[in-house]
Amino acid sequence: MSREILIDPVTRLEGHGRIHIFLDADGGVDRAYLQIPELRGFEKFVQGRRAEDMPQITSRICGVCPMAHHMAATKALDDLYQVDPPPAGRKIRELLYNAFMVEDHALHFFFLGGPDFIVGPDAPRHKRNILGVIDAVGLEVGKEVIGVRKQLRDLVAAVAGKAIHPVFGLPGGVSRSLSGELQQQAAAAAARAVEFSQFALGAFRKTVLGNPGYVELVTSEAYTHRTYYMGLVDEANKVTFYDGTLRVVGPDGKELLTFTGRDYLDHVAEHVEPWTYMKFCFLKDIGWHGFADGAASGVYSVAPLARLNVADGMATPRAQEVYEEFVTTLGPKPVHHTLANHWARIIELVYAAERMAGLAGDPQITDPQVRTLPTAVPREGVGVVEAPRGTLFHHYQTDERGLITAANLIVATQNNAARIALSVDKAARALIRNGQVDDGLLNQVEMSFRAYDPCFGCSTHSLPGQMALIVEVRDAGGALLQEIRRD
Amino acid sequence: MRTLVLGLGNEYAGDDAVGVLAVRALRGELAGDAEVVESAASGLALLEVFAGHDGAVVVDSIRTGRSPAGTIVEAGLAELGPAIAPSLHQAGIPELAAVARRLGMGFPDRTRVLAVEVAGPLTFGAPLSEPVAAAIAPLGRRILDQVKRWASEDSRRGRPEDAGGGPEDTLPRGPGGTRCTTTTRSARS
């Protein structure tokens, strides 16, 4: 290796996403990957703490999806104390979880993914940001995104106590029942969410599906990897976020295996490379065979597209309709096009809203019995949910008093790390020749990893300062040969 | 409350806790003068926090590598520059301001960021490093000074209830004192 190119968002704390591209002696790409932050010291930090505190502690490790960690931790406590929540407890959890999914998917669809597919990859650089999206969709749409989000956050705050860091999940249930008044609030929020999801779908059809160039881009080889996929499914093999069985399908779409959260270590392993602290998840059943796609490689993917690929459909009617349209257009399944994650996300938005409405209208949800008291001696528990960005595992071991002796978390972006590396690598290979970096590199790299919605927020929050993308080209001795700055 | 004091950070993650701890220590002294908010949220999740305020002191950690740990870096909105991140979850304060104003949600015209340079990568369960811990007291004084300065500017103008800032502050307010007027103007400016 003679040179390293580093695409580095200069950030406030070490560990934000960085793209490293190593060149070989001939100026070609040796390897490229995305580095995500490490949860340094987390396992040691939680040792000796009460397991019941984990939903609160873990909801603070991520500034972006605290509800996903809260719920995975709460479910791990159910397993730890071998206790099932009563129906109302379970339904309240799932209601809030779907409210969170609507909120998160809505934000991503419009504001985070929007620069790539609402504004479009060919738009001038200064337009490819949130303000450009607002200009493209119109002020009223932008306001509606904020309005829906606010209504959902208010609901979560009213039911769970605190919107950003929920405090309601307990082993065996939730901390309070849902009053008739709160049920009405939930039903109203769900109705607005359903309406919003239809509206978002309309915006997607108009701006994206109405543009043949976009469909061509989505299906182009540059954004295609034929890997395995993993996600939770319900008893009918439909997409589910809160609870279910993990299902894995191969690049040919056939089911490879199903397993429960408890058995995750039999099927998911982490590969370590000498050149990074990052660990790359792979399927144990297939094995690690390098950064490659295809049936012989254990590389797999999670996130909205993976969830649609592992499922046989959607559990709610409107979501099922749009799912069928998706399969007709991009199928047969599995769909291997990374950029199809944006479309998958909008289908999931429709599902989450409909699911919310179904749960809010369920008479059983106001039952005052919302918790089963745990009596078992704790030892070990695993909780799994589908976070907006994909499968999230929480695994705790405790002593008989319920004090944590060991903890392991696998977040969505870790599950996706190897496939994201494939995407970065593919972009780099296509656009770097003889050491010359094509200007399109940053765009293509950004577009491919934005589709996964990788979250670097698992240990960080805001960012008050200047942040730019920097590509550094260095020679073997570390001397700077070239710097490309975008700020 | 017109002035917001927002402490950002993860209180479990070593030096990253500095913003949260600094504002927590001021809750008593600031009671009645500012709304104190602690948050581990990031990027656009903070959008709603700023609405309804016309002054904001954002207290955070920062790692520029250009100053020794414990150095307090101060900046206004204009000096922060844009954040262009691989994931827009990490939208910076200027982006939040731009989006909030465009959408008519309101963002304080007067926003100051006080950030403490931190020593290294964050480690869960680690205490604050010595230089960062030593910065908490002077940081607290600067936060209080800033809040008082705005209050006295406002009282000099004879409008203690109307703590709006910025050059357009003399324009008439919307009915009922709502902030929408301010933000509409901001969006135009």
# chains A, B, ... in the order shown; residues from 1 in each chain; ligands from 1

call {"tool": "residues_around", "arguments": {"residues": "range 230-233 of chain A", "least_positions_apart": "2", "cutoff": "10 Å", "atoms": "only C-alpha atoms", "output": "PyMOL selection string"}}
result
chain A and resi 228+235-250+256-261+283+300-315+384-386+390-392+415

call {"tool": "residues_around", "arguments": {"residues": "Leu96 in chain B", "least_positions_apart": "4", "cutoff": "8 Å", "atoms": "only C-alpha atoms", "output": "list of chain:residue names"}}
result
B:Gly43, B:Leu44, B:Leu46, B:Leu47, B:Ala91, B:Gly92, B:Ala100

call {"tool": "write_last_selection", "arguments": {"atoms": "all heavy atoms", "output": "CSV table (one decimal), in the first residue's frame"}}
result
chain,number,residue,atom,x,y,z
B,43,GLY,N,-28.3,16.5,16.5
B,43,GLY,CA,-28.8,17.0,15.2
B,43,GLY,C,-30.2,17.5,15.2
B,43,GLY,O,-30.7,18.2,16.1
B,44,LEU,N,-31.0,17.0,14.3
B,44,LEU,CA,-32.3,17.5,14.0
B,44,LEU,C,-33.3,17.2,15.2
B,44,LEU,O,-34.3,17.8,15.3
B,44,LEU,CB,-32.9,16.9,12.7
B,44,LEU,CG,-32.2,17.4,11.5
B,44,LEU,CD1,-32.7,16.7,10.3
B,44,LEU,CD2,-32.4,18.9,11.3
B,46,LEU,N,-32.9,18.0,18.0
B,46,LEU,CA,-32.9,19.2,18.8
B,46,LEU,C,-33.8,20.4,18.3
B,46,LEU,O,-33.9,21.4,18.9
B,46,LEU,CB,-31.5,19.7,19.1
B,46,LEU,CG,-30.6,18.8,19.9
B,46,LEU,CD1,-29.2,19.2,19.8
B,46,LEU,CD2,-31.1,18.8,21.4
B,47,LEU,N,-34.3,20.1,17.1
B,47,LEU,CA,-35.0,21.2,16.4
B,47,LEU,C,-36.0,22.0,17.2
B,47,LEU,O,-36.1,23.2,17.3
B,47,LEU,CB,-35.7,20.6,15.2
B,47,LEU,CG,-36.0,21.4,13.9
B,47,LEU,CD1,-34.7,22.2,13.5
B,47,LEU,CD2,-36.5,20.5,12.8
B,91,ALA,N,-26.5,17.2,11.9
B,91,ALA,CA,-26.6,18.6,11.6
B,91,ALA,C,-26.1,19.4,12.7
B,91,ALA,O,-26.4,19.2,13.8
B,91,ALA,CB,-28.1,18.8,11.3
B,92,GLY,N,-25.5,20.5,12.3
B,92,GLY,CA,-25.0,21.4,13.3
B,92,GLY,C,-26.0,22.5,13.7
B,92,GLY,O,-27.0,22.6,13.1
B,100,ALA,N,-35.1,25.6,11.1
B,100,ALA,CA,-36.2,26.1,12.0
B,100,ALA,C,-36.8,27.4,11.4
B,100,ALA,O,-38.0,27.6,11.4
B,100,ALA,CB,-35.6,26.3,13.4

call {"tool": "select_by_dssp", "arguments": {"residues": "range 85-297 of chain A", "states": "strand (DSSP E)", "output": "PyMOL selection string"}}
result
chain A and resi 169-170+173-174+228-233+245-249+255-259+268-272+279-283

call {"tool": "residues_around", "arguments": {"residues": "Ala137 in chain B", "least_positions_apart": "3", "cutoff": "12 Å", "atoms": "only C-alpha atoms", "output": "ChimeraX atom specification"}}
result
/B:18-19,21-23,25-26,70,72,116,131-134,140-144

call {"tool": "closest_residue", "arguments": {"among": "A:Lys143, A:Arg419, A:Arg50, A:Lys91", "to": "Phe196 in chain A", "atoms": "only C-alpha atoms"}}
result
A:Lys143

call {"tool": "closest_residue", "arguments": {"among": "A:Gly381, A:Gly173, A:Pro251, A:Pro454", "to": "chain B", "atoms": "only C-alpha atoms"}}
result
A:Pro454

call {"tool": "atom_distance", "arguments": {"atom1": "CA of His271 in chain A", "atom2": "CA of Ala344 in chain A"}}
result
28.2 Å

call {"tool": "closest_residue", "arguments": {"among": "A:Leu359, A:Val424, A:Ser177, A:Asp104", "to": "Asn443 in chain A", "atoms": "only C-alpha atoms"}}
result
A:Val424

call {"tool": "residues_around", "arguments": {"residues": "Ala119 in chain B", "least_positions_apart": "6", "cutoff": "12 Å", "atoms": "only C-alpha atoms", "output": "ChimeraX atom specification"}}
result
/A:12-14 /B:14-16,18,61-71,127-133

call {"tool": "closest_residue", "arguments": {"among": "A:Asp30, A:Glu216, A:Asp154, A:Glu181", "to": "chain B", "atoms": "only C-alpha atoms"}}
result
A:Asp154
